[in-house]
>>> print(open('final-v8.tsv').read())   # TSV, C-alpha atoms and all ligand atoms
chain	number	residue	atom	x	y	z
I	1416	MET	CA	29.95	-46.13	-9.25
I	1417	THR	CA	32.91	-44.31	-7.88
I	1418	GLN	CA	33.67	-41.21	-9.84
I	1419	LEU	CA	35.15	-37.76	-9.77
I	1420	LYS	CA	32.49	-35.40	-8.53
I	1421	ILE	CA	32.06	-31.70	-7.93
I	1422	ILE	CA	30.37	-30.55	-4.73
I	1423	GLN	CA	29.16	-26.97	-4.97
I	1424	THR	CA	29.83	-25.27	-1.63
I	1425	ALA	CA	29.24	-21.68	-0.51
I	1426	THR	CA	32.94	-20.91	-0.92
I	1427	ARG	CA	33.83	-22.73	-4.10
I	1428	GLU	CA	33.58	-25.97	-6.03
I	1429	LEU	CA	35.12	-28.92	-4.25
I	1430	GLU	CA	36.42	-31.73	-6.41
I	1431	THR	CA	36.18	-35.19	-4.85
I	1432	PRO	CA	37.61	-37.48	-3.63
I	1433	ALA	CA	38.73	-34.94	-1.04
I	1434	PHE	CA	40.35	-35.12	2.35
I	1435	PHE	CA	39.65	-32.80	5.30
I	1436	PRO	CA	42.58	-32.56	7.72
I	1437	VAL	CA	41.23	-32.30	11.26
I	1438	HIS	CA	42.10	-29.05	12.99
I	1439	ASN	CA	43.52	-29.97	16.31
I	1440	GLY	CA	42.06	-27.49	18.84
I	1441	GLY	CA	44.59	-27.95	21.60
I	1442	LYS	CA	44.32	-26.24	24.99
I	1443	SER	CA	44.42	-22.65	23.79
I	1444	ALA	CA	42.11	-23.57	20.90
I	1445	GLU	CA	44.69	-22.15	18.53
I	1446	GLY	CA	45.91	-25.69	18.05
I	1447	ASN	CA	49.16	-27.04	16.75
I	1448	THR	CA	47.98	-27.79	13.24
I	1449	PRO	CA	50.48	-26.45	10.71
I	1450	ARG	CA	49.12	-23.96	8.15
I	1451	TYR	CA	49.24	-26.70	5.54
I	1452	TRP	CA	46.88	-24.99	3.07
I	1453	GLU	CA	49.50	-22.33	2.46
I	1454	ASN	CA	51.88	-24.95	1.08
I	1455	ILE	CA	49.61	-27.62	-0.37
I	1456	PRO	CA	47.21	-25.95	-2.82
I	1457	GLU	CA	45.09	-29.08	-3.23
I	1458	MET	CA	44.56	-29.37	0.51
I	1459	ASN	CA	42.57	-26.18	1.07
I	1460	THR	CA	40.02	-27.92	3.29
I	1461	MET	CA	39.56	-28.35	7.03
I	1462	MET	CA	37.46	-30.33	9.46
I	1463	ILE	CA	36.73	-28.48	12.67
I	1464	ASN	CA	34.36	-29.22	15.51
I	1465	ALA	CA	31.44	-26.94	16.44
I	1466	TYR	CA	31.48	-27.94	20.09
I	1467	SER	CA	35.18	-27.20	20.50
I	1468	ILE	CA	34.71	-23.79	18.84
I	1469	LEU	CA	31.73	-23.06	21.10
I	1470	SER	CA	33.59	-24.03	24.26
I	1471	SER	CA	36.79	-22.12	23.49
I	1472	PRO	CA	37.99	-18.50	23.31
I	1473	LEU	CA	37.98	-18.94	19.52
I	1474	TYR	CA	34.20	-18.60	19.49
I	1475	GLU	CA	34.12	-14.81	19.74
I	1476	LYS	CA	36.70	-14.45	16.98
I	1477	MET	CA	34.82	-16.74	14.67
I	1478	ARG	CA	31.60	-14.81	14.33
I	1479	ASN	CA	30.45	-13.76	10.87
I	1480	GLY	CA	32.12	-16.47	8.91
I	1481	GLY	CA	35.32	-16.17	10.88
I	1482	LEU	CA	36.73	-19.52	9.82
I	1483	HIS	CA	37.57	-18.11	6.42
I	1484	LYS	CA	39.11	-14.98	7.86
I	1485	LYS	CA	41.15	-16.82	10.44
I	1486	PHE	CA	42.39	-19.67	8.30
I	1487	SER	CA	41.80	-19.50	4.58
I	1488	GLU	CA	39.44	-17.33	2.50
I	1489	ASN	CA	39.20	-19.96	-0.20
I	1490	GLY	CA	39.14	-22.94	2.15
I	1491	VAL	CA	36.24	-25.36	2.29
I	1492	PHE	CA	35.28	-25.92	5.93
I	1493	PHE	CA	33.44	-28.96	7.17
I	1494	VAL	CA	32.12	-28.29	10.66
I	1495	ASP	CA	31.35	-31.40	12.64
I	1496	SER	CA	28.79	-31.23	15.45
I	1497	GLY	CA	30.46	-32.42	18.62
I	1498	GLY	CA	28.46	-35.60	18.97
I	1499	PHE	CA	31.52	-37.48	20.09
I	1500	GLN	CA	32.25	-34.98	22.86
I	1501	GLN	CA	28.60	-35.10	23.84
I	1502	LYS	CA	28.95	-38.77	24.53
I	1503	SER	CA	32.48	-38.93	25.90
I	1504	ARG	CA	31.92	-36.02	28.30
I	1505	ASN	CA	28.36	-37.00	29.07
I	1506	ILE	CA	26.88	-33.61	28.21
I	1507	THR	CA	23.73	-32.82	26.25
I	1508	LEU	CA	24.06	-30.39	23.37
I	1509	ASP	CA	21.20	-28.59	21.69
I	1510	PRO	CA	20.98	-29.40	17.96
I	1511	ILE	CA	19.80	-25.88	17.10
I	1512	LYS	CA	22.58	-24.24	19.07
I	1513	ILE	CA	25.14	-26.39	17.25
I	1514	LEU	CA	23.50	-25.52	13.92
I	1515	ARG	CA	23.75	-21.79	14.69
I	1516	VAL	CA	27.45	-22.15	15.52
I	1517	GLN	CA	28.00	-23.97	12.22
I	1518	GLU	CA	26.15	-21.26	10.31
I	1519	MET	CA	27.81	-18.39	12.08
I	1520	VAL	CA	31.42	-19.48	11.76
I	1521	GLY	CA	30.94	-19.92	8.02
I	1522	ALA	CA	30.74	-23.70	7.59
I	1523	ASP	CA	30.54	-24.88	3.99
I	1524	ILE	CA	29.36	-28.29	5.10
I	1525	ALA	CA	27.74	-29.02	8.46
I	1526	ALA	CA	27.11	-32.43	9.96
I	1527	THR	CA	24.05	-32.90	12.14
I	1528	LEU	CA	24.43	-33.54	15.87
I	1529	ASP	CA	24.70	-37.27	16.43
I	1530	LEU	CA	25.06	-39.59	19.38
I	1531	PRO	CA	27.79	-41.98	18.40
I	1532	THR	CA	27.19	-45.67	18.91
I	1533	PHE	CA	30.38	-47.34	20.01
I	1534	THR	CA	31.42	-50.83	19.06
I	1535	GLU	CA	30.46	-52.09	22.51
I	1536	ASP	CA	26.88	-50.91	21.92
I	1537	CYS	CA	25.19	-54.08	20.77
I	1538	ILE	CA	22.59	-53.44	18.08
I	1539	TYR	CA	19.91	-55.25	20.11
I	1540	ASN	CA	20.55	-53.05	23.11
I	1541	GLN	CA	18.12	-50.28	24.03
I	1542	ASN	CA	20.97	-47.75	24.20
I	1543	HIS	CA	21.88	-48.41	20.60
I	1544	ALA	CA	18.30	-47.85	19.45
I	1545	ASP	CA	18.00	-44.67	21.54
I	1546	PHE	CA	21.22	-43.19	20.14
I	1547	VAL	CA	20.16	-43.90	16.58
I	1548	LYS	CA	16.70	-42.40	17.18
I	1549	LYS	CA	18.14	-39.29	18.80
I	1550	SER	CA	20.61	-38.82	15.94
I	1551	VAL	CA	17.77	-39.08	13.42
I	1552	LYS	CA	15.65	-36.59	15.33
I	1553	ASN	CA	18.53	-34.11	15.56
I	1554	ALA	CA	19.23	-34.45	11.85
I	1555	LEU	CA	15.65	-33.48	10.98
I	1556	ILE	CA	15.68	-30.61	13.48
I	1557	ALA	CA	18.82	-29.20	11.84
I	1558	LEU	CA	17.34	-29.41	8.36
I	1559	GLU	CA	14.09	-27.72	9.41
I	1560	ASN	CA	15.87	-24.89	11.21
I	1561	ARG	CA	18.55	-24.06	8.68
I	1562	GLU	CA	18.87	-20.32	8.12
I	1563	ARG	CA	21.82	-20.30	5.74
I	1564	GLU	CA	20.57	-21.95	2.57
I	1565	ASP	CA	24.08	-22.05	1.09
I	1566	MET	CA	25.42	-24.25	3.89
I	1567	LEU	CA	25.23	-27.92	2.99
I	1568	ILE	CA	23.75	-30.16	5.66
I	1569	TYR	CA	24.89	-33.76	5.87
I	1570	ALA	CA	22.86	-36.14	8.01
I	1571	SER	CA	25.15	-37.98	10.44
I	1572	LEU	CA	24.53	-41.70	10.36
I	1573	GLN	CA	25.09	-43.93	13.34
I	1574	GLY	CA	24.72	-47.61	13.99
I	1575	ASN	CA	26.73	-50.79	13.98
I	1576	ASP	CA	24.71	-52.59	11.39
I	1577	PRO	CA	24.34	-51.89	7.65
I	1578	THR	CA	20.66	-52.86	7.54
I	1579	MET	CA	19.84	-50.51	10.36
I	1580	MET	CA	21.77	-47.73	8.65
I	1581	VAL	CA	19.90	-48.29	5.42
I	1582	ASN	CA	16.57	-48.12	7.28
I	1583	THR	CA	17.69	-44.86	8.87
I	1584	ILE	CA	18.54	-43.44	5.44
I	1585	ASP	CA	15.14	-44.45	4.05
I	1586	TYR	CA	13.45	-42.64	6.90
I	1587	LEU	CA	15.63	-39.53	6.61
I	1588	MET	CA	15.18	-39.31	2.84
I	1589	LYS	CA	11.43	-39.60	3.21
I	1590	LYS	CA	11.36	-36.77	5.73
I	1591	GLY	CA	13.92	-34.35	4.36
I	1592	ASN	CA	16.15	-33.42	1.49
I	1593	PHE	CA	19.66	-33.72	2.90
I	1594	ASP	CA	22.61	-32.46	0.85
I	1595	GLY	CA	24.67	-35.50	1.78
I	1596	PHE	CA	25.30	-38.16	4.39
I	1597	ALA	CA	28.15	-38.74	6.81
I	1598	ILE	CA	28.96	-42.08	8.38
I	1599	GLY	CA	30.08	-41.85	12.00
I	1600	GLY	CA	31.39	-44.32	14.52
I	1601	CYS	CA	34.02	-45.83	12.22
I	1602	VAL	CA	37.14	-44.97	14.20
I	1603	PRO	CA	36.84	-47.85	16.70
I	1604	LYS	CA	36.25	-50.18	13.74
I	1605	ARG	CA	39.27	-48.90	11.78
I	1606	SER	CA	41.04	-52.23	11.56
I	1607	ARG	CA	37.82	-54.20	10.99
I	1608	TYR	CA	37.92	-53.62	7.27
I	1609	HIS	CA	35.07	-55.94	6.35
I	1610	GLU	CA	32.62	-54.10	8.61
I	1611	ILE	CA	33.65	-50.74	7.21
I	1612	ILE	CA	33.34	-52.01	3.65
I	1613	ASP	CA	29.86	-53.43	4.38
I	1614	ILE	CA	28.66	-50.13	5.82
I	1615	ILE	CA	30.04	-47.84	3.11
I	1616	HIS	CA	28.75	-50.18	0.42
I	1617	ALA	CA	25.23	-50.31	1.89
I	1618	VAL	CA	25.05	-46.55	2.39
I	1619	ARG	CA	26.40	-45.70	-1.07
I	1620	ARG	CA	23.86	-47.95	-2.76
I	1621	ARG	CA	21.03	-46.34	-0.86
I	1622	ILE	CA	21.85	-42.66	-1.32
I	1623	GLY	CA	22.41	-42.63	-5.09
I	1624	ASP	CA	24.92	-39.95	-6.12
I	1625	ARG	CA	24.52	-37.75	-3.08
I	1626	PRO	CA	27.81	-36.85	-1.39
I	1627	LEU	CA	29.07	-39.36	1.15
I	1628	HIS	CA	31.51	-38.53	3.92
I	1629	VAL	CA	33.20	-40.97	6.30
I	1630	PHE	CA	34.20	-39.53	9.69
I	1631	GLY	CA	37.57	-40.15	11.22
I	1632	LEU	CA	39.20	-42.45	8.69
I	1633	GLY	CA	41.91	-41.25	6.37
I	1634	GLY	CA	45.10	-43.26	6.60
I	1635	PRO	CA	47.10	-43.87	3.44
I	1636	ALA	CA	45.81	-47.42	2.95
I	1637	MET	CA	42.22	-46.75	4.01
I	1638	ILE	CA	41.69	-43.87	1.56
I	1639	PRO	CA	41.93	-45.98	-1.63
I	1640	LEU	CA	39.60	-48.61	-0.14
I	1641	MET	CA	37.00	-46.03	0.91
I	1642	VAL	CA	37.10	-44.31	-2.46
I	1643	TYR	CA	36.67	-47.68	-4.15
I	1644	MET	CA	33.57	-48.35	-2.03
I	1645	GLY	CA	32.09	-44.99	-3.02
I	1646	ALA	CA	33.08	-42.50	-0.32
I	1647	ASP	CA	33.62	-38.96	-1.64
I	1648	THR	CA	35.18	-37.22	1.34
I	1649	PHE	CA	36.82	-38.22	4.62
I	1650	ASP	CA	38.67	-36.59	7.47
I	1651	SER	CA	41.31	-37.67	9.90
I	1652	SER	CA	43.75	-36.36	12.46
I	1653	ALA	CA	46.05	-39.34	11.89
I	1654	PHE	CA	48.55	-37.28	9.89
I	1655	ILE	CA	49.20	-35.05	12.89
I	1656	THR	CA	48.89	-37.60	15.70
I	1657	ALA	CA	51.20	-39.82	13.67
I	1658	GLY	CA	53.64	-36.91	13.55
I	1659	SER	CA	53.80	-36.67	17.32
I	1660	LYS	CA	54.34	-40.40	17.56
I	1661	ARG	CA	57.01	-40.12	14.84
I	1662	LEU	CA	55.01	-42.25	12.43
I	1663	TYR	CA	55.86	-41.63	8.81
I	1664	PHE	CA	53.55	-42.45	5.88
I	1665	MET	CA	55.83	-44.37	3.52
I	1666	PRO	CA	55.40	-43.52	-0.16
I	1667	GLU	CA	53.37	-46.26	-1.89
I	1668	LYS	CA	53.16	-48.20	1.37
I	1669	GLY	CA	51.66	-47.87	4.84
I	1670	THR	CA	52.75	-46.22	8.07
I	1671	ILE	CA	56.09	-47.00	9.68
I	1672	GLU	CA	57.98	-45.78	12.72
I	1673	PHE	CA	60.48	-43.16	11.74
I	1674	SER	CA	63.27	-45.03	13.51
I	1675	ASP	CA	62.69	-47.96	11.12
I	1676	ILE	CA	63.69	-45.86	8.13
I	1677	PRO	CA	67.34	-46.66	7.37
I	1678	GLU	CA	69.41	-43.62	8.21
I	1679	THR	CA	71.06	-42.79	4.94
I	1680	LEU	CA	71.76	-39.57	3.10
I	1681	TYR	CA	68.25	-39.63	1.61
I	1682	LEU	CA	64.75	-39.93	2.95
I	1683	PRO	CA	62.57	-42.25	0.83
I	1684	CYS	CA	60.42	-39.36	-0.42
I	1685	VAL	CA	60.69	-36.28	-2.65
I	1686	CYS	CA	57.88	-34.18	-1.14
I	1687	PRO	CA	58.87	-30.54	-0.42
I	1688	ILE	CA	59.53	-31.44	3.23
I	1689	CYS	CA	61.76	-34.43	2.64
I	1690	SER	CA	63.52	-32.65	-0.23
I	1691	LYS	CA	64.48	-29.68	1.91
I	1692	HIS	CA	65.21	-31.31	5.24
I	1693	THR	CA	67.62	-33.93	6.47
I	1694	TYR	CA	66.71	-37.22	8.11
I	1695	ASN	CA	67.50	-35.79	11.55
I	1696	GLU	CA	65.52	-32.60	11.00
I	1697	VAL	CA	62.40	-34.48	9.96
I	1698	ARG	CA	62.80	-37.00	12.76
I	1699	SER	CA	63.06	-34.33	15.42
I	1700	GLU	CA	60.22	-32.04	14.30
I	1701	ARG	CA	56.69	-33.40	14.57
I	1702	LYS	CA	55.26	-30.67	12.34
I	1703	LEU	CA	57.59	-31.72	9.54
I	1704	ILE	CA	56.44	-35.32	9.81
I	1705	ALA	CA	52.81	-34.13	9.86
I	1706	MET	CA	53.39	-32.04	6.72
I	1707	HIS	CA	55.14	-34.92	4.96
I	1708	ASN	CA	52.18	-37.15	5.90
I	1709	LEU	CA	49.76	-34.65	4.37
I	1710	TRP	CA	51.81	-34.52	1.19
I	1711	MET	CA	51.52	-38.32	1.02
I	1712	ILE	CA	47.73	-38.08	1.31
I	1713	THR	CA	47.71	-35.41	-1.40
I	1714	HIS	CA	49.76	-37.68	-3.64
I	1715	GLU	CA	47.46	-40.63	-2.91
I	1716	LEU	CA	44.39	-38.57	-3.86
I	1717	ARG	CA	46.03	-37.39	-7.06
I	1718	LYS	CA	46.81	-40.96	-8.09
I	1719	LEU	CA	43.26	-42.01	-7.27
I	1720	LYS	CA	41.84	-39.16	-9.34
I	1721	VAL	CA	43.94	-40.22	-12.32
I	1722	ALA	CA	42.80	-43.83	-11.85
I	1723	LEU	CA	39.16	-42.72	-11.58
I	1724	GLU	CA	39.42	-40.62	-14.68
I	1725	GLU	CA	40.94	-43.50	-16.62
I	1726	ASN	CA	38.42	-45.93	-15.14
I	1727	GLU	CA	41.30	-48.01	-13.79
I	1728	VAL	CA	40.61	-47.92	-10.07
I	1729	GLU	CA	40.62	-51.68	-9.57
I	1730	ARG	CA	43.87	-52.08	-11.41
I	1731	TYR	CA	45.39	-49.25	-9.38
I	1732	LEU	CA	44.26	-50.74	-6.05
I	1733	GLU	CA	45.53	-54.16	-7.05
I	1734	LYS	CA	49.01	-52.70	-7.33
I	1735	ARG	CA	48.71	-50.17	-4.51
I	1736	LEU	CA	47.52	-52.50	-1.77
I	1737	ARG	CA	49.43	-55.66	-2.63
I	1738	HIS	CA	52.21	-55.01	-0.11
I	1739	ASN	CA	49.84	-55.17	2.88
I	1740	PRO	CA	48.18	-58.60	3.33
I	1741	ALA	CA	45.36	-57.39	5.63
I	1742	VAL	CA	44.37	-54.48	3.39
I	1743	TYR	CA	44.79	-56.56	0.26
I	1744	ASP	CA	42.45	-59.17	1.71
I	1745	ALA	CA	39.98	-56.36	2.47
I	1746	PHE	CA	40.25	-55.17	-1.14
I	1747	ARG	CA	39.44	-58.67	-2.42
I	1748	TYR	CA	36.42	-58.74	-0.14
I	1749	ALA	CA	35.39	-55.28	-1.35
I	1750	LYS	CA	35.68	-56.42	-4.96
I	1751	ALA	CA	33.47	-59.45	-4.31
I	1752	LYS	CA	31.02	-57.23	-2.45
I	1753	LYS	CA	30.71	-54.85	-5.39
I	1754	ARG	CA	30.11	-57.74	-7.72
I	1755	GLY	CA	27.37	-59.05	-5.43
I	1756	LEU	CA	29.29	-62.26	-4.67
I	1757	VAL	CA	29.36	-61.92	-0.88
I	1801	ZN	ZN	58.11	-36.49	2.28
>>> encode(input="final-v8.tsv", output="structure tokens")
Amino acid sequence: MTQLKIIQTATRELETPAFFPVHNGGKSAEGNTPRYWENIPEMNTMMINAYSILSSPLYEKMRNGGLHKKFSENGVFFVDSGGFQQKSRNITLDPIKILRVQEMVGADIAATLDLPTFTEDCIYNQNHADFVKKSVKNALIALENREREDMLIYASLQGNDPTMMVNTIDYLMKKGNFDGFAIGGCVPKRSRYHEIIDIIHAVRRRIGDRPLHVFGLGGPAMIPLMVYMGADTFDSSAFITAGSKRLYFMPEKGTIEFSDIPETLYLPCVCPICSKHTYNEVRSERKLIAMHNLWMITHELRKLKVALEENEVERYLEKRLRHNPAVYDAFRYAKAKKRGLV
């Protein structure tokens, strides 16, 4: 069952559901991510990538737990492996080297080095099987070689089929005691709600109450659905990429183009950004849109936590998702799935 949960990390307790904004490395590796944690107390979390740290000038500065010194002492840092870069740039990374980077920079949670299966990788294809096998092998290598016992290790799960993912979990749980699991490869499937629901549902049922992370998904409509299916944490860069495309997360709704907001005296939001700035200021500054978008995610999480606490999640989603036919249809499917009807 979906519930509020506490994950004990090396830095502090993390209450879930929780969102990890993706730190956008950028060319200089300093990135253009606003220092959101200084303004949004509930968003003191970050997703950052071990491979991009390793391959940038940041690496030297990040030794000895440098993430906390550079960004936020009390922040909870999830350090992803770089599996995606490994595949997209056709390079081979060493799982132990990635693990050492994760340990050294001060990761609270580390995901094991995976080889993402893309949607075009058919599950009957040899490539698909090889990627899954390699990801499993790397996950076990990371667990066996961990030096920092206080760093949580989540096994990265790959595969385009729920049954295959469940088999992978059975194997991993037999061989090692992972602190949690992280589902990868969801970004290309982001509008195929039924597939995402099937996968999260299957994984959640298999792993009991261990923490479950979903990589790369965290839009304002997807978050409630994922939480409903049992995901605890998720990450996304959508808030910031949406900012550069001038996409604005509408309160209580989905994402719209900024130019579609009627230009009146008031923006349709009372977050600290939209309260202090005019329509034109927000429209012309991508960081302001990104910050507004993060406030919307914070608000969404708060409402979900209240609904979870009151055991009213279904009623909340019923109201929350009604405006969007595709997502509402997905919610109805999710509901049937949880009741074992489909
Ligand atoms: Zn706002």
>>> residues_around(input="final-v8.tsv", residues="Ile1612 of chain I", least_positions_apart="3", cutoff="12 Å", atoms="only C-alpha atoms", output="PDB file with C-alpha atoms, in the frame of the given file")
ATOM      1  CA  ASP I1576      24.710 -52.590  11.390  1.00  0.00           C
ATOM      2  CA  PRO I1577      24.340 -51.890   7.650  1.00  0.00           C
ATOM      3  CA  ILE I1598      28.960 -42.080   8.380  1.00  0.00           C
ATOM      4  CA  CYS I1601      34.020 -45.830  12.220  1.00  0.00           C
ATOM      5  CA  LYS I1604      36.250 -50.180  13.740  1.00  0.00           C
ATOM      6  CA  ARG I1605      39.270 -48.900  11.780  1.00  0.00           C
ATOM      7  CA  SER I1606      41.040 -52.230  11.560  1.00  0.00           C
ATOM      8  CA  ARG I1607      37.820 -54.200  10.990  1.00  0.00           C
ATOM      9  CA  TYR I1608      37.920 -53.620   7.270  1.00  0.00           C
ATOM     10  CA  HIS I1609      35.070 -55.940   6.350  1.00  0.00           C
ATOM     11  CA  ILE I1615      30.040 -47.840   3.110  1.00  0.00           C
ATOM     12  CA  HIS I1616      28.750 -50.180   0.420  1.00  0.00           C
ATOM     13  CA  ALA I1617      25.230 -50.310   1.890  1.00  0.00           C
ATOM     14  CA  VAL I1618      25.050 -46.550   2.390  1.00  0.00           C
ATOM     15  CA  ARG I1619      26.400 -45.700  -1.070  1.00  0.00           C
ATOM     16  CA  VAL I1629      33.200 -40.970   6.300  1.00  0.00           C
ATOM     17  CA  MET I1637      42.220 -46.750   4.010  1.00  0.00           C
ATOM     18  CA  ILE I1638      41.690 -43.870   1.560  1.00  0.00           C
ATOM     19  CA  PRO I1639      41.930 -45.980  -1.630  1.00  0.00           C
ATOM     20  CA  LEU I1640      39.600 -48.610  -0.140  1.00  0.00           C
ATOM     21  CA  MET I1641      37.000 -46.030   0.910  1.00  0.00           C
ATOM     22  CA  VAL I1642      37.100 -44.310  -2.460  1.00  0.00           C
ATOM     23  CA  TYR I1643      36.670 -47.680  -4.150  1.00  0.00           C
ATOM     24  CA  MET I1644      33.570 -48.350  -2.030  1.00  0.00           C
ATOM     25  CA  GLY I1645      32.090 -44.990  -3.020  1.00  0.00           C
ATOM     26  CA  ALA I1646      33.080 -42.500  -0.320  1.00  0.00           C
ATOM     27  CA  VAL I1742      44.370 -54.480   3.390  1.00  0.00           C
ATOM     28  CA  ASP I1744      42.450 -59.170   1.710  1.00  0.00           C
ATOM     29  CA  ALA I1745      39.980 -56.360   2.470  1.00  0.00           C
ATOM     30  CA  PHE I1746      40.250 -55.170  -1.140  1.00  0.00           C
ATOM     31  CA  ARG I1747      39.440 -58.670  -2.420  1.00  0.00           C
ATOM     32  CA  TYR I1748      36.420 -58.740  -0.140  1.00  0.00           C
ATOM     33  CA  ALA I1749      35.390 -55.280  -1.350  1.00  0.00           C
ATOM     34  CA  LYS I1750      35.680 -56.420  -4.960  1.00  0.00           C
ATOM     35  CA  ALA I1751      33.470 -59.450  -4.310  1.00  0.00           C
ATOM     36  CA  LYS I1752      31.020 -57.230  -2.450  1.00  0.00           C
ATOM     37  CA  LYS I1753      30.710 -54.850  -5.390  1.00  0.00           C
ATOM     38  CA  VAL I1757      29.360 -61.920  -0.880  1.00  0.00           C
TER      39      VAL I1757
END
>>> residues_around(input="final-v8.tsv", residues="Leu1709 of chain I", least_positions_apart="3", cutoff="9 Å", atoms="all atoms listed in the file", output="list in words")
Pro1436, Tyr1451, Ile1455, Met1458, Phe1654, Ile1655, Phe1664, Ile1704, Ala1705, Met1706, Ile1712, Thr1713 and His1714 of chain I
>>> residues_around(input="final-v8.tsv", residues="Val1728 of chain I", least_positions_apart="2", cutoff="12 Å", atoms="only C-alpha atoms", output="JSON list (two decimals) with C-alpha atoms, keeping the file's coordinate frame")
[["chain", "number", "residue", "atom", "x", "y", "z"],
["I", 1416, "MET", "CA", 29.95, -46.13, -9.25],
["I", 1417, "THR", "CA", 32.91, -44.31, -7.88],
["I", 1418, "GLN", "CA", 33.67, -41.21, -9.84],
["I", 1419, "LEU", "CA", 35.15, -37.76, -9.77],
["I", 1639, "PRO", "CA", 41.93, -45.98, -1.63],
["I", 1640, "LEU", "CA", 39.60, -48.61, -0.14],
["I", 1641, "MET", "CA", 37.00, -46.03, 0.91],
["I", 1642, "VAL", "CA", 37.10, -44.31, -2.46],
["I", 1643, "TYR", "CA", 36.67, -47.68, -4.15],
["I", 1644, "MET", "CA", 33.57, -48.35, -2.03],
["I", 1645, "GLY", "CA", 32.09, -44.99, -3.02],
["I", 1716, "LEU", "CA", 44.39, -38.57, -3.86],
["I", 1718, "LYS", "CA", 46.81, -40.96, -8.09],
["I", 1719, "LEU", "CA", 43.26, -42.01, -7.27],
["I", 1720, "LYS", "CA", 41.84, -39.16, -9.34],
["I", 1721, "VAL", "CA", 43.94, -40.22, -12.32],
["I", 1722, "ALA", "CA", 42.80, -43.83, -11.85],
["I", 1723, "LEU", "CA", 39.16, -42.72, -11.58],
["I", 1724, "GLU", "CA", 39.42, -40.62, -14.68],
["I", 1725, "GLU", "CA", 40.94, -43.50, -16.62],
["I", 1726, "ASN", "CA", 38.42, -45.93, -15.14],
["I", 1730, "ARG", "CA", 43.87, -52.08, -11.41],
["I", 1731, "TYR", "CA", 45.39, -49.25, -9.38],
["I", 1732, "LEU", "CA", 44.26, -50.74, -6.05],
["I", 1733, "GLU", "CA", 45.53, -54.16, -7.05],
["I", 1734, "LYS", "CA", 49.01, -52.70, -7.33],
["I", 1735, "ARG", "CA", 48.71, -50.17, -4.51],
["I", 1736, "LEU", "CA", 47.52, -52.50, -1.77],
["I", 1746, "PHE", "CA", 40.25, -55.17, -1.14],
["I", 1750, "LYS", "CA", 35.68, -56.42, -4.96]]
>>> residues_around(input="final-v8.tsv", residues="Phe1673 of chain I", least_positions_apart="2", cutoff="8 Å", atoms="only C-alpha atoms", output="short mmCIF file (atom, residue, chain, number, x, y, z; two decimals) with C-alpha atoms, in the coordinates of the input")
data_model
loop_
_atom_site.label_atom_id
_atom_site.label_comp_id
_atom_site.auth_asym_id
_atom_site.auth_seq_id
_atom_site.Cartn_x
_atom_site.Cartn_y
_atom_site.Cartn_z
CA ARG I 1661 57.01 -40.12 14.84
CA LEU I 1662 55.01 -42.25 12.43
CA TYR I 1663 55.86 -41.63 8.81
CA ILE I 1671 56.09 -47.00 9.68
CA ASP I 1675 62.69 -47.96 11.12
CA ILE I 1676 63.69 -45.86 8.13
CA ARG I 1698 62.80 -37.00 12.76
#
>>> atom_distance(input="final-v8.tsv", atom1="atom CA of Pro1603 of chain I", atom2="atom CA of Asp1523 of chain I")
27.0 Å
>>> closest_residue(input="final-v8.tsv", among="I:Ser1690, I:Asn1695, I:Asn1439, I:Asn1739", to="ligand ZN 1801 (chain I)", atoms="all atoms listed in the file")
I:Ser1690
>>> residues_near_point(input="final-v8.tsv", point="(31.4, -19.2, 6.3)", cutoff="8 Å", atoms="only C-alpha atoms", output="NGL selection string")
:I and (1425-1426 or 1479-1483 or 1492 or 1518-1523)
>>> atom_distance(input="final-v8.tsv", atom1="atom CA of Phe1499 of chain I", atom2="atom CA of Trp1710 of chain I")
27.9 Å
>>> residues_near_ligand(input="final-v8.tsv", ligand="ligand ZN 1801 (chain I)", cutoff="7 Å", atoms="all atoms listed in the file", output="ChimeraX atom specification")
/I:1684-1689,1707-1708,1710-1711
>>> closest_residue(input="final-v8.tsv", among="I:Arg1620, I:Glu1453, I:Asp1594, I:Ala1554", to="Thr1578 of chain I", atoms="all atoms listed in the file")
I:Arg1620
>>> closest_residue(input="final-v8.tsv", among="I:Ser1470, I:Phe1486, I:Gly1574, I:Ile1611", to="Cys1537 of chain I", atoms="all atoms listed in the file")
I:Gly1574
>>> atom_distance(input="final-v8.tsv", atom1="atom CA of Ser1487 of chain I", atom2="atom CA of Ser1467 of chain I")
18.9 Å
>>> residues_around(input="final-v8.tsv", residues="Lys1552 of chain I", least_positions_apart="3", cutoff="12 Å", atoms="all atoms listed in the file", output="PyMOL selection string")
chain I and resi 1509-1511+1527-1530+1545-1549+1555-1559+1570-1572+1583+1586-1587+1590-1591
>>> closest_residue(input="final-v8.tsv", among="I:Asp1585, I:Asp1624, I:Glu1475, I:Glu1488", to="Asp1647 of chain I", atoms="only C-alpha atoms")
I:Asp1624
>>> closest_residue(input="final-v8.tsv", among="I:Gly1669, I:Pro1626, I:Pro1740, I:Gly1631", to="Leu1429 of chain I", atoms="only C-alpha atoms")
I:Pro1626
